[in-house]
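Worksheet: one structure, shown below.
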Amino acid sequence: MESLGGPDFGKGVPIDGLPDGGMIQGKVGGTDVVLVRRGGEFFAVGASCPHYGGPLVQGLVLGDELRCPLHHACFSLRTGEALRAPAFDAIPCWRVERIGENVFVREQLPVPIRKQTPGSVESQKHPASVVIIGGGAAGLAAADMLRREGYDKPVTIISADDSAPYDRPNLSKDYLAGTAPDEWIPLRSPDFYAERHIDLVLNSRVASLDAKQKRIQLEHGKTYDFGALLLATGADPVKLPVPGASDSQFHYLRTFADSRTLAQKAASATQVVVVGASFIALEVAASLRARGVAVHVVAPEQQPLVGVMGPEVGRFIRGLHEAQGVVFHLGETVTRVDRRNTTLSGGVVLDADFLVLGVGVQPSLALAEQAGLRVDRGIVVDEYLETSAPGIFAAGDIARWPDPYSGGLVRIEHWVVAQRQGQVAARNILGRRERFAAVPFFWTQQYDVSIKYVGHAEKWDAVDINGSLEAKDCSVTYKLAGRTLAVATISRDLENLQVEAAMEASIQARSTVSPAGSEISRRTA
Ligand SMILES: Cc1cc2nc3c(=O)[nH]c(=O)nc-3n(C[C@H](O)[C@H](O)[C@H](O)COP(=O)(O)OP(=O)(O)OC[C@H]3O[C@@H](n4cnc5c(N)ncnc54)[C@H](O)[C@@H]3O)c2cc1C
Ligand code: FES
């Protein structure tokens, strides 16, 4: 890999230094640029991912796409477009000229504008309006994609939240740790909604859905008719009743407001009890430690995250937190709270300024149930993310969809999955009939360790560890009957991208092209 800075591409670089599929970082003028070779073609694109500045030169080139090593955003090498979340903004592109055995990066290319074709056969099939219920990951991604695809009729996002769509994963990480300012949290500026004519209705909870009349009603009575609807209502934290605890002592973390409250209270706290050893609970523990607050984690399992990542990773995570001073009370529950005293099932009494509960979430299914949509531990959708009611789609934490890799119906609570489902649902609302076939991906950040996880394993019979957890450099493969279901990596971001690509290829291989070549039919496993 080229060092930061790198060659001046304006002066030309020899092509024999760049193998097929390879890339190097250099400069054009004062700007960092990545030069990519694909066969006989060369592409020059911006070096930094617009999501969180990931170094694209450390990513993966796959066909005409470049994928970011940090959270797997995917960009077109030809246009720079952010094809798949979590990035939404395009990366810049430059013209590349080959002269003899050298390539030269020339001027920056204008951002291509997709041609809108009002009145086209395709646009005549578009719904008269789209209403999106939920201003979170899936909802915003869908609205953005509708406009990117040239949909020019009304788009309304209705959100119970009082904040415009924001970066939820950051709420338990840098924002709570005090290292990310407020300005980082909104996903889009107010101008974005105005320029794209997206009507963002905040602080408004939808109380009922009439699937036949294609109408929704807000709690305060206002109604909206829709041509197509996207349900993206996410999930709510599981509430844990504990005798003696008052509301002001108990905190859950789902919203920006929750995180702001926690950050304010943490500023004057000395000791906090975190209940649960979920990802969110552990990220909260790490962020509170970053603020110098003493943290006790109380959870019924024998190792943190054992059900999701197995005992080896669980032990490692526990050691990571203990090295930072976190005290675990595993195999225990909270039985009573009496002012500052938190009593555990084993009899220990902990002093705490407040408690944070991270014991899981449950999908927000009330609207779907009331409307009579098919619900089975999530809103059941087909491969196009359409619910049992035509014209009504669902995406994100609430959707249970046929996952082509595992072959089963799954419901997954990952940021990137929700955003990508929002994007695919938007295209399907416009009649594209695109299957949702992305391989699930998530990440967690605790102290200096970032774990990337690709695939989905609810149960497994073998865990292979390649490398060393202690050295924070490894990949952990979860297998069932010899088949890889999921891989978690630490400090091996490229490998994680490669696993994602291999899983996608396996999905493709299990699909067959019909003799006419016009339609794809899926073989049952
Ligand atoms: C603190 C935290 C950290 C996380 N970190 C990560 C991470 O590091 N990596 C990762 O992959 N995932 C992470 N997640 C999970 C990820 O944020 C979710 O999977 C994702 O937000 C789901 O997106 P969604 O669009 O389905 O729902 P949400 O983003 O929750 O959005 C749901 C929206 O629906 C609105 N709503 C609900 N009911 C109604 C109603 N009746 N009427 C109107 N509006 C309604 C809500 O107000 C909200 O705006 C984290 C979650 C939390 C809470
Ligand atoms: S920094 Fe590139 S996807 Fe997050």
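Ordered as shown in the structure tokens, chains take letters A, B, and onward, while each chain numbers its residues from 1 and ligands are numbered from 1 in the order shown.
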Distance table requested - chain A against ligand 1, cut-off 7 Å, only C-alpha atoms and all ligand atoms: one row per qualifying residue with the closest atom pair and its distance in Å to one decimal, ordered by chain and rising residue number, as a Markdown table.
```
| residue | atom | partner | partner_atom_place_in_ligand_line | distance |
| --- | --- | --- | --- | --- |
| A:Ile133 | CA | ligand 1 | 43 (C) | 5.2 |
| A:Gly134 | CA | ligand 1 | 34 (O) | 3.2 |
| A:Gly135 | CA | ligand 1 | 49 (O) | 3.7 |
| A:Gly136 | CA | ligand 1 | 31 (O) | 3.3 |
| A:Ala137 | CA | ligand 1 | 25 (O) | 3.7 |
| A:Ala138 | CA | ligand 1 | 25 (O) | 3.7 |
| A:Gly139 | CA | ligand 1 | 25 (O) | 5.5 |
| A:Ile158 | CA | ligand 1 | 43 (C) | 5.3 |
| A:Ser159 | CA | ligand 1 | 44 (N) | 3.6 |
| A:Ala160 | CA | ligand 1 | 44 (N) | 3.9 |
| A:Asp161 | CA | ligand 1 | 47 (O) | 4.0 |
| A:Pro165 | CA | ligand 1 | 49 (O) | 6.7 |
| A:Arg168 | CA | ligand 1 | 17 (O) | 4.9 |
| A:Pro169 | CA | ligand 1 | 5 (N) | 3.4 |
| A:Asn170 | CA | ligand 1 | 3 (C) | 6.2 |
| A:Leu171 | CA | ligand 1 | 1 (C) | 4.9 |
| A:Ser172 | CA | ligand 1 | 1 (C) | 4.5 |
| A:Ser204 | CA | ligand 1 | 43 (C) | 5.8 |
| A:Arg205 | CA | ligand 1 | 42 (N) | 3.6 |
| A:Val206 | CA | ligand 1 | 42 (N) | 3.8 |
| A:Ala207 | CA | ligand 1 | 41 (N) | 5.8 |
| A:Ala232 | CA | ligand 1 | 25 (O) | 5.1 |
| A:Thr233 | CA | ligand 1 | 34 (O) | 3.4 |
| A:Gly234 | CA | ligand 1 | 27 (O) | 3.2 |
| A:Ala235 | CA | ligand 1 | 30 (O) | 5.4 |
| A:Leu253 | CA | ligand 1 | 1 (C) | 5.5 |
| A:Arg254 | CA | ligand 1 | 53 (C) | 3.9 |
| A:Thr255 | CA | ligand 1 | 53 (C) | 6.6 |
| A:Ile280 | CA | ligand 1 | 3 (C) | 5.6 |
| A:Ser364 | CA | ligand 1 | 38 (N) | 6.1 |
| A:Leu367 | CA | ligand 1 | 41 (N) | 6.5 |
| A:Ala395 | CA | ligand 1 | 26 (O) | 6.2 |
| A:Gly396 | CA | ligand 1 | 26 (O) | 3.3 |
| A:Asp397 | CA | ligand 1 | 26 (O) | 3.9 |
| A:Ile398 | CA | ligand 1 | 26 (O) | 6.0 |
| A:Glu413 | CA | ligand 1 | 19 (O) | 3.8 |
| A:His414 | CA | ligand 1 | 11 (O) | 3.5 |
| A:Trp415 | CA | ligand 1 | 11 (O) | 3.9 |
| A:Val416 | CA | ligand 1 | 11 (O) | 5.7 |
| A:Ala418 | CA | ligand 1 | 23 (O) | 4.8 |
| A:Gln419 | CA | ligand 1 | 25 (O) | 6.8 |
| A:Phe441 | CA | ligand 1 | 11 (O) | 6.7 |
| A:Phe442 | CA | ligand 1 | 11 (O) | 3.8 |
| A:Trp443 | CA | ligand 1 | 9 (N) | 4.8 |
| A:Thr444 | CA | ligand 1 | 8 (O) | 4.6 |
| A:Gln445 | CA | ligand 1 | 8 (O) | 6.8 |
```
Take the selection from the previous step and output its residues with N, CA and C atoms, as a compact mmCIF listing (two decimals), in the first residue's frame.
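Once everything was written out, this is result.txt:
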```
# COMPACT_ATOMS: atom_id res chain seq x y z
N ILE A 133 -43.15 5.86 7.27
CA ILE A 133 -43.36 6.00 8.71
C ILE A 133 -42.07 5.59 9.41
N GLY A 134 -41.40 6.56 10.01
CA GLY A 134 -40.14 6.29 10.70
C GLY A 134 -39.02 7.13 10.11
N GLY A 135 -38.43 7.97 10.94
CA GLY A 135 -37.33 8.83 10.48
C GLY A 135 -36.02 8.33 11.02
N GLY A 136 -35.74 7.05 10.78
CA GLY A 136 -34.47 6.47 11.23
C GLY A 136 -33.64 6.04 10.05
N ALA A 137 -32.88 4.95 10.26
CA ALA A 137 -31.93 4.49 9.24
C ALA A 137 -32.64 4.16 7.94
N ALA A 138 -33.64 3.30 8.00
CA ALA A 138 -34.31 2.84 6.78
C ALA A 138 -35.12 3.96 6.15
N GLY A 139 -35.82 4.75 6.98
CA GLY A 139 -36.70 5.79 6.46
C GLY A 139 -35.93 6.84 5.66
N ILE A 158 -42.74 10.60 8.30
CA ILE A 158 -43.40 10.94 9.57
C ILE A 158 -42.65 10.22 10.68
N SER A 159 -42.19 10.99 11.65
CA SER A 159 -41.37 10.39 12.70
C SER A 159 -41.86 10.79 14.08
N ALA A 160 -41.90 9.81 14.97
CA ALA A 160 -42.28 10.09 16.35
C ALA A 160 -41.17 10.85 17.07
N ASP A 161 -39.97 10.79 16.54
CA ASP A 161 -38.83 11.44 17.18
C ASP A 161 -38.92 12.95 17.04
N PRO A 165 -33.60 12.74 11.22
CA PRO A 165 -32.82 11.49 11.21
C PRO A 165 -31.35 11.70 11.59
N ARG A 168 -27.62 7.01 14.67
CA ARG A 168 -27.93 6.31 15.92
C ARG A 168 -26.72 5.53 16.47
N PRO A 169 -25.96 4.82 15.64
CA PRO A 169 -24.83 4.07 16.21
C PRO A 169 -23.85 4.93 17.00
N ASN A 170 -23.73 6.18 16.64
CA ASN A 170 -22.78 7.05 17.36
C ASN A 170 -23.24 7.37 18.77
N LEU A 171 -24.54 7.19 19.05
CA LEU A 171 -25.09 7.63 20.34
C LEU A 171 -24.50 6.89 21.53
N SER A 172 -24.08 5.63 21.29
CA SER A 172 -23.49 4.86 22.40
C SER A 172 -21.97 4.91 22.35
N SER A 204 -44.37 13.30 15.60
CA SER A 204 -45.72 12.88 15.19
C SER A 204 -45.77 11.36 15.12
N ARG A 205 -46.55 10.77 15.97
CA ARG A 205 -46.66 9.31 16.00
C ARG A 205 -47.87 8.87 15.19
N VAL A 206 -47.67 7.91 14.31
CA VAL A 206 -48.80 7.37 13.54
C VAL A 206 -49.54 6.38 14.45
N ALA A 207 -50.83 6.58 14.57
CA ALA A 207 -51.61 5.76 15.50
C ALA A 207 -52.35 4.64 14.80
N ALA A 232 -41.13 1.80 8.62
CA ALA A 232 -39.73 1.73 9.08
C ALA A 232 -39.69 2.24 10.52
N THR A 233 -40.48 1.58 11.36
CA THR A 233 -40.68 2.08 12.72
C THR A 233 -39.64 1.56 13.72
N GLY A 234 -38.71 0.74 13.27
CA GLY A 234 -37.58 0.37 14.12
C GLY A 234 -37.96 -0.48 15.32
N ALA A 235 -37.29 -0.24 16.41
CA ALA A 235 -37.48 -1.07 17.61
C ALA A 235 -37.45 -0.19 18.85
N LEU A 253 -31.28 3.59 26.08
CA LEU A 253 -30.61 4.37 25.04
C LEU A 253 -31.12 3.95 23.67
N ARG A 254 -31.94 4.80 23.07
CA ARG A 254 -32.39 4.56 21.71
C ARG A 254 -32.31 5.85 20.88
N THR A 255 -32.63 6.96 21.54
CA THR A 255 -32.76 8.20 20.78
C THR A 255 -31.64 9.19 21.10
N ILE A 280 -25.00 -2.63 22.89
CA ILE A 280 -25.25 -1.25 23.32
C ILE A 280 -24.81 -1.06 24.76
N SER A 364 -41.05 -2.55 16.66
CA SER A 364 -42.28 -1.75 16.86
C SER A 364 -43.33 -2.18 15.84
N LEU A 367 -48.43 -0.94 14.59
CA LEU A 367 -49.19 -0.49 13.42
C LEU A 367 -49.50 -1.65 12.48
N ALA A 395 -39.06 -2.13 6.17
CA ALA A 395 -37.60 -2.21 6.14
C ALA A 395 -37.03 -1.93 7.52
N GLY A 396 -35.85 -2.47 7.76
CA GLY A 396 -35.13 -2.18 9.00
C GLY A 396 -35.43 -3.18 10.10
N ASP A 397 -35.33 -2.69 11.34
CA ASP A 397 -35.45 -3.58 12.51
C ASP A 397 -36.78 -4.32 12.58
N ILE A 398 -37.80 -3.82 11.90
CA ILE A 398 -39.12 -4.47 12.00
C ILE A 398 -39.30 -5.58 10.96
N GLU A 413 -31.07 -6.54 13.49
CA GLU A 413 -31.04 -5.16 14.01
C GLU A 413 -29.68 -4.54 13.74
N HIS A 414 -29.39 -4.25 12.47
CA HIS A 414 -28.12 -3.61 12.10
C HIS A 414 -28.41 -2.33 11.32
N TRP A 415 -27.60 -1.34 11.58
CA TRP A 415 -27.71 -0.04 10.92
C TRP A 415 -27.65 -0.15 9.40
N VAL A 416 -26.61 -0.83 8.92
CA VAL A 416 -26.39 -0.90 7.47
C VAL A 416 -27.48 -1.72 6.78
N ALA A 418 -30.58 -1.94 7.76
CA ALA A 418 -31.78 -1.09 7.70
C ALA A 418 -31.66 -0.08 6.56
N GLN A 419 -30.50 0.54 6.43
CA GLN A 419 -30.34 1.55 5.37
C GLN A 419 -30.43 0.91 3.99
N PHE A 441 -24.31 -6.99 7.75
CA PHE A 441 -23.02 -6.51 8.26
C PHE A 441 -23.27 -5.56 9.42
N PHE A 442 -22.47 -5.71 10.48
CA PHE A 442 -22.50 -4.68 11.53
C PHE A 442 -21.12 -4.52 12.14
N TRP A 443 -20.97 -3.47 12.90
CA TRP A 443 -19.71 -3.26 13.61
C TRP A 443 -20.02 -2.80 15.02
N THR A 444 -19.06 -3.01 15.91
CA THR A 444 -19.16 -2.43 17.25
C THR A 444 -17.80 -1.86 17.59
N GLN A 445 -17.80 -0.76 18.33
CA GLN A 445 -16.55 -0.11 18.73
C GLN A 445 -16.52 -0.04 20.25
```
Output as JSON lines one row per residue of chain A within 9 Å of ligand 2: the closest atom pair and its distance in Å to one decimal place, counting only C-alpha atoms and all ligand atoms, sorted by chain and residue number ascending.
```
{"residue": "A:Ser48", "atom": "CA", "partner": "ligand 2", "partner_atom_place_in_ligand_line": "2 (Fe)", "distance": 7.8}
{"residue": "A:Cys49", "atom": "CA", "partner": "ligand 2", "partner_atom_place_in_ligand_line": "2 (Fe)", "distance": 4.6}
{"residue": "A:Pro50", "atom": "CA", "partner": "ligand 2", "partner_atom_place_in_ligand_line": "2 (Fe)", "distance": 6.5}
{"residue": "A:His51", "atom": "CA", "partner": "ligand 2", "partner_atom_place_in_ligand_line": "1 (S)", "distance": 4.5}
{"residue": "A:Tyr52", "atom": "CA", "partner": "ligand 2", "partner_atom_place_in_ligand_line": "1 (S)", "distance": 3.7}
{"residue": "A:Gly53", "atom": "CA", "partner": "ligand 2", "partner_atom_place_in_ligand_line": "1 (S)", "distance": 4.8}
{"residue": "A:Gly54", "atom": "CA", "partner": "ligand 2", "partner_atom_place_in_ligand_line": "1 (S)", "distance": 3.9}
{"residue": "A:Pro55", "atom": "CA", "partner": "ligand 2", "partner_atom_place_in_ligand_line": "2 (Fe)", "distance": 7.5}
{"residue": "A:Leu56", "atom": "CA", "partner": "ligand 2", "partner_atom_place_in_ligand_line": "2 (Fe)", "distance": 7.5}
{"residue": "A:Arg67", "atom": "CA", "partner": "ligand 2", "partner_atom_place_in_ligand_line": "2 (Fe)", "distance": 7.9}
{"residue": "A:Cys68", "atom": "CA", "partner": "ligand 2", "partner_atom_place_in_ligand_line": "2 (Fe)", "distance": 4.7}
{"residue": "A:Pro69", "atom": "CA", "partner": "ligand 2", "partner_atom_place_in_ligand_line": "2 (Fe)", "distance": 6.5}
{"residue": "A:Leu70", "atom": "CA", "partner": "ligand 2", "partner_atom_place_in_ligand_line": "4 (Fe)", "distance": 5.0}
{"residue": "A:His71", "atom": "CA", "partner": "ligand 2", "partner_atom_place_in_ligand_line": "3 (S)", "distance": 3.7}
{"residue": "A:His72", "atom": "CA", "partner": "ligand 2", "partner_atom_place_in_ligand_line": "3 (S)", "distance": 4.9}
{"residue": "A:Ala73", "atom": "CA", "partner": "ligand 2", "partner_atom_place_in_ligand_line": "3 (S)", "distance": 4.2}
{"residue": "A:Cys74", "atom": "CA", "partner": "ligand 2", "partner_atom_place_in_ligand_line": "3 (S)", "distance": 7.7}
{"residue": "A:Ala85", "atom": "CA", "partner": "ligand 2", "partner_atom_place_in_ligand_line": "3 (S)", "distance": 7.3}
{"residue": "A:Pro86", "atom": "CA", "partner": "ligand 2", "partner_atom_place_in_ligand_line": "3 (S)", "distance": 5.5}
{"residue": "A:Ala87", "atom": "CA", "partner": "ligand 2", "partner_atom_place_in_ligand_line": "3 (S)", "distance": 5.8}
```
For the residues in that selection, give me N, CA, C and O atoms as a tab-separated table (two decimals), in the first residue's frame.
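What follows is the written file result_18.tsv:
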```
chain	number	residue	atom	x	y	z
A	48	SER	N	-11.11	9.40	0.34
A	48	SER	CA	-11.70	9.34	1.67
A	48	SER	C	-13.20	9.04	1.57
A	48	SER	O	-13.91	9.65	0.77
A	49	CYS	N	-13.67	8.14	2.40
A	49	CYS	CA	-15.10	7.78	2.38
A	49	CYS	C	-15.92	8.89	3.02
A	49	CYS	O	-15.58	9.36	4.11
A	50	PRO	N	-16.99	9.35	2.34
A	50	PRO	CA	-17.78	10.44	2.92
A	50	PRO	C	-18.53	10.05	4.19
A	50	PRO	O	-19.03	10.93	4.89
A	51	HIS	N	-18.60	8.76	4.51
A	51	HIS	CA	-19.31	8.37	5.73
A	51	HIS	C	-18.52	8.81	6.96
A	51	HIS	O	-18.93	9.73	7.67
A	52	TYR	N	-17.38	8.19	7.22
A	52	TYR	CA	-16.55	8.60	8.37
A	52	TYR	C	-15.08	8.66	7.99
A	52	TYR	O	-14.21	8.37	8.80
A	53	GLY	N	-14.82	8.99	6.72
A	53	GLY	CA	-13.43	9.22	6.31
A	53	GLY	C	-12.61	7.96	6.14
A	53	GLY	O	-11.37	8.02	6.18
A	54	GLY	N	-13.24	6.80	5.96
A	54	GLY	CA	-12.49	5.55	5.78
A	54	GLY	C	-11.49	5.66	4.63
A	54	GLY	O	-11.79	6.29	3.60
A	55	PRO	N	-10.30	5.04	4.78
A	55	PRO	CA	-9.29	5.11	3.72
A	55	PRO	C	-9.62	4.13	2.60
A	55	PRO	O	-9.40	2.92	2.71
A	56	LEU	N	-10.15	4.65	1.50
A	56	LEU	CA	-10.67	3.77	0.46
A	56	LEU	C	-9.59	2.93	-0.18
A	56	LEU	O	-9.85	1.84	-0.70
A	67	ARG	N	-15.28	-0.66	-2.36
A	67	ARG	CA	-15.96	-0.76	-1.05
A	67	ARG	C	-15.06	-0.24	0.06
A	67	ARG	O	-13.86	-0.52	0.08
A	68	CYS	N	-15.67	0.44	1.00
A	68	CYS	CA	-14.92	1.06	2.10
A	68	CYS	C	-14.60	0.02	3.17
A	68	CYS	O	-15.47	-0.77	3.56
A	69	PRO	N	-13.37	0.04	3.69
A	69	PRO	CA	-13.00	-0.97	4.68
A	69	PRO	C	-13.68	-0.79	6.04
A	69	PRO	O	-13.78	-1.75	6.80
A	70	LEU	N	-14.15	0.41	6.35
A	70	LEU	CA	-14.65	0.61	7.71
A	70	LEU	C	-16.07	0.07	7.92
A	70	LEU	O	-16.31	-0.70	8.85
A	71	HIS	N	-17.00	0.49	7.07
A	71	HIS	CA	-18.38	0.02	7.28
A	71	HIS	C	-19.04	-0.40	5.98
A	71	HIS	O	-20.26	-0.33	5.82
A	72	HIS	N	-18.22	-0.76	4.98
A	72	HIS	CA	-18.67	-1.42	3.75
A	72	HIS	C	-19.54	-0.57	2.82
A	72	HIS	O	-20.32	-1.14	2.05
A	73	ALA	N	-19.46	0.74	2.91
A	73	ALA	CA	-20.14	1.55	1.88
A	73	ALA	C	-19.57	1.18	0.52
A	73	ALA	O	-18.42	0.74	0.42
A	74	CYS	N	-20.36	1.37	-0.51
A	74	CYS	CA	-19.98	0.87	-1.83
A	74	CYS	C	-20.16	1.99	-2.86
A	74	CYS	O	-21.22	2.61	-2.92
A	85	ALA	N	-25.45	2.04	1.19
A	85	ALA	CA	-25.20	2.66	2.49
A	85	ALA	C	-24.07	1.90	3.20
A	85	ALA	O	-23.80	0.76	2.85
A	86	PRO	N	-23.44	2.54	4.21
A	86	PRO	CA	-23.91	3.71	4.95
A	86	PRO	C	-23.51	5.07	4.39
A	86	PRO	O	-23.92	6.08	4.97
A	87	ALA	N	-22.73	5.15	3.32
A	87	ALA	CA	-22.47	6.48	2.74
A	87	ALA	C	-23.62	6.84	1.81
A	87	ALA	O	-24.21	5.96	1.18
```
Any idea what's packed within 10 Å of Val33 of chain A, counting only C-alpha atoms, ignoring anything in its chain fewer than 2 positions away? Could you give it as number ranges by chain? A: 5-9, 24-31, 35-36, 43-48, 56-57, 92-94, 105
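If you look at atom CA of Leu66 of chain A and atom CA of Val103 of chain A, they are 19.6 Å away from each other.
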Residue neighbourhood segment 437-439 of chain A, 9 Å, only C-alpha atoms, exclusion window fewer than 4 positions, as a PyMOL selection string: chain A and resi 383+402-405+417+420-421+454-456+500-501+503-504+507
Can I get the selection written as a JSON list (two decimals), in the first residue's frame, with C-alpha atoms?
```json
[["chain", "number", "residue", "atom", "x", "y", "z"],
["A", 383, "GLU", "CA", -37.68, -10.73, -1.19],
["A", 402, "PRO", "CA", -36.15, -14.26, 3.26],
["A", 403, "ASP", "CA", -32.35, -14.14, 3.57],
["A", 404, "PRO", "CA", -30.90, -15.83, 0.49],
["A", 405, "TYR", "CA", -27.62, -16.72, 2.21],
["A", 417, "VAL", "CA", -29.03, -3.58, 6.87],
["A", 420, "ARG", "CA", -29.80, -0.88, 2.52],
["A", 421, "GLN", "CA", -33.31, -2.22, 2.93],
["A", 454, "VAL", "CA", -20.50, -10.17, 8.33],
["A", 455, "GLY", "CA", -23.15, -12.85, 7.76],
["A", 456, "HIS", "CA", -25.64, -14.08, 10.30],
["A", 500, "GLU", "CA", -18.84, -10.36, 2.30],
["A", 501, "ALA", "CA", -17.94, -10.65, -1.39],
["A", 503, "MET", "CA", -20.99, -14.72, 0.54],
["A", 504, "GLU", "CA", -22.55, -12.56, -2.16],
["A", 507, "ILE", "CA", -25.85, -16.26, -3.20]]
```
Among the residues of segment 194-381 of chain A, find those DSSP assigns to strand (DSSP E or B) from the backbone and print them as an MDAnalysis selection string. chainID A and resid 198:201 206:210 215:218 223:225 228:231 235:237 250:252 271:275 294:299 327:330 334:338 341:344 349:351 354:357 361:363 375 379:380
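Atom CA of Asp473 of chain A sits 26.4 Å away from atom CA of Leu176 of chain A.
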When you look at segment 341-348 of chain A with a cut-off of 10 Å (counting only C-alpha atoms), what residues show up, excluding the ones that are within fewer than 5 positions of it in the same chain? I need them as a PDB file with N, CA, C and O atoms, in the first residue's frame.
```pdb
ATOM      1  N   VAL A 242     -38.003  -3.092  37.713  1.00  0.00           N
ATOM      2  CA  VAL A 242     -37.194  -3.434  38.898  1.00  0.00           C
ATOM      3  C   VAL A 242     -37.839  -2.753  40.106  1.00  0.00           C
ATOM      4  O   VAL A 242     -38.040  -1.533  40.084  1.00  0.00           O
ATOM      5  N   GLY A 244     -38.693  -0.715  43.174  1.00  0.00           N
ATOM      6  CA  GLY A 244     -38.055   0.406  43.869  1.00  0.00           C
ATOM      7  C   GLY A 244     -37.464   1.459  42.952  1.00  0.00           C
ATOM      8  O   GLY A 244     -37.164   2.568  43.406  1.00  0.00           O
ATOM      9  N   ALA A 245     -37.261   1.149  41.686  1.00  0.00           N
ATOM     10  CA  ALA A 245     -36.551   2.089  40.813  1.00  0.00           C
ATOM     11  C   ALA A 245     -37.482   3.185  40.326  1.00  0.00           C
ATOM     12  O   ALA A 245     -38.594   2.902  39.888  1.00  0.00           O
ATOM     13  N   VAL A 273     -24.383   1.770  37.134  1.00  0.00           N
ATOM     14  CA  VAL A 273     -24.614   0.337  36.911  1.00  0.00           C
ATOM     15  C   VAL A 273     -25.219   0.175  35.521  1.00  0.00           C
ATOM     16  O   VAL A 273     -26.227   0.824  35.184  1.00  0.00           O
ATOM     17  N   VAL A 298     -23.974  -5.631  35.117  1.00  0.00           N
ATOM     18  CA  VAL A 298     -24.722  -6.738  35.731  1.00  0.00           C
ATOM     19  C   VAL A 298     -25.494  -7.455  34.625  1.00  0.00           C
ATOM     20  O   VAL A 298     -26.266  -6.827  33.892  1.00  0.00           O
ATOM     21  N   ALA A 299     -25.260  -8.768  34.473  1.00  0.00           N
ATOM     22  CA  ALA A 299     -25.956  -9.493  33.389  1.00  0.00           C
ATOM     23  C   ALA A 299     -26.097 -10.962  33.767  1.00  0.00           C
ATOM     24  O   ALA A 299     -25.220 -11.523  34.430  1.00  0.00           O
ATOM     25  N   PRO A 300     -27.200 -11.596  33.327  1.00  0.00           N
ATOM     26  CA  PRO A 300     -27.440 -12.984  33.729  1.00  0.00           C
ATOM     27  C   PRO A 300     -26.536 -13.997  33.027  1.00  0.00           C
ATOM     28  O   PRO A 300     -26.328 -15.088  33.525  1.00  0.00           O
ATOM     29  N   HIS A 329     -20.575  -8.350  37.018  1.00  0.00           N
ATOM     30  CA  HIS A 329     -21.326  -9.201  37.942  1.00  0.00           C
ATOM     31  C   HIS A 329     -22.159 -10.103  37.044  1.00  0.00           C
ATOM     32  O   HIS A 329     -23.327  -9.808  36.736  1.00  0.00           O
ATOM     33  N   GLY A 331     -23.975 -13.692  35.669  1.00  0.00           N
ATOM     34  CA  GLY A 331     -24.842 -14.679  36.333  1.00  0.00           C
ATOM     35  C   GLY A 331     -25.709 -14.014  37.386  1.00  0.00           C
ATOM     36  O   GLY A 331     -26.223 -14.680  38.284  1.00  0.00           O
ATOM     37  N   GLU A 332     -25.901 -12.709  37.280  1.00  0.00           N
ATOM     38  CA  GLU A 332     -26.671 -11.971  38.299  1.00  0.00           C
ATOM     39  C   GLU A 332     -27.716 -11.076  37.641  1.00  0.00           C
ATOM     40  O   GLU A 332     -27.587 -10.687  36.464  1.00  0.00           O
ATOM     41  N   THR A 333     -28.708 -10.723  38.415  1.00  0.00           N
ATOM     42  CA  THR A 333     -29.713  -9.749  37.966  1.00  0.00           C
ATOM     43  C   THR A 333     -29.878  -8.695  39.058  1.00  0.00           C
ATOM     44  O   THR A 333     -29.427  -8.892  40.195  1.00  0.00           O
ATOM     45  N   VAL A 334     -30.535  -7.611  38.681  1.00  0.00           N
ATOM     46  CA  VAL A 334     -30.835  -6.570  39.678  1.00  0.00           C
ATOM     47  C   VAL A 334     -32.186  -6.904  40.300  1.00  0.00           C
ATOM     48  O   VAL A 334     -33.168  -7.112  39.584  1.00  0.00           O
ATOM     49  N   THR A 335     -32.245  -6.982  41.614  1.00  0.00           N
ATOM     50  CA  THR A 335     -33.520  -7.356  42.251  1.00  0.00           C
ATOM     51  C   THR A 335     -34.235  -6.161  42.881  1.00  0.00           C
ATOM     52  O   THR A 335     -35.449  -6.166  43.036  1.00  0.00           O
ATOM     53  N   ARG A 336     -33.463  -5.153  43.239  1.00  0.00           N
ATOM     54  CA  ARG A 336     -34.108  -4.004  43.889  1.00  0.00           C
ATOM     55  C   ARG A 336     -33.226  -2.765  43.776  1.00  0.00           C
ATOM     56  O   ARG A 336     -31.994  -2.858  43.776  1.00  0.00           O
ATOM     57  N   ASP A 353     -25.091   6.259  40.759  1.00  0.00           N
ATOM     58  CA  ASP A 353     -25.792   7.515  40.472  1.00  0.00           C
ATOM     59  C   ASP A 353     -27.049   7.235  39.663  1.00  0.00           C
ATOM     60  O   ASP A 353     -28.079   7.859  39.841  1.00  0.00           O
ATOM     61  N   PHE A 354     -26.917   6.306  38.707  1.00  0.00           N
ATOM     62  CA  PHE A 354     -28.076   5.888  37.898  1.00  0.00           C
ATOM     63  C   PHE A 354     -27.767   4.560  37.228  1.00  0.00           C
ATOM     64  O   PHE A 354     -26.627   4.061  37.300  1.00  0.00           O
ATOM     65  N   LEU A 355     -28.782   3.972  36.599  1.00  0.00           N
ATOM     66  CA  LEU A 355     -28.618   2.698  35.909  1.00  0.00           C
ATOM     67  C   LEU A 355     -28.925   2.891  34.421  1.00  0.00           C
ATOM     68  O   LEU A 355     -29.818   3.663  34.067  1.00  0.00           O
TER      69      LEU A 355
END
```
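Atom CA of Gly80 of chain A is found 19.5 Å from atom CA of Asp20 of chain A.
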Kindly indicate which residue among A:Leu229, A:Leu202, A:Arg291, A:Ser475 lies nearest to Lys214 of chain A, using only C-alpha atoms for the distances. A:Leu229
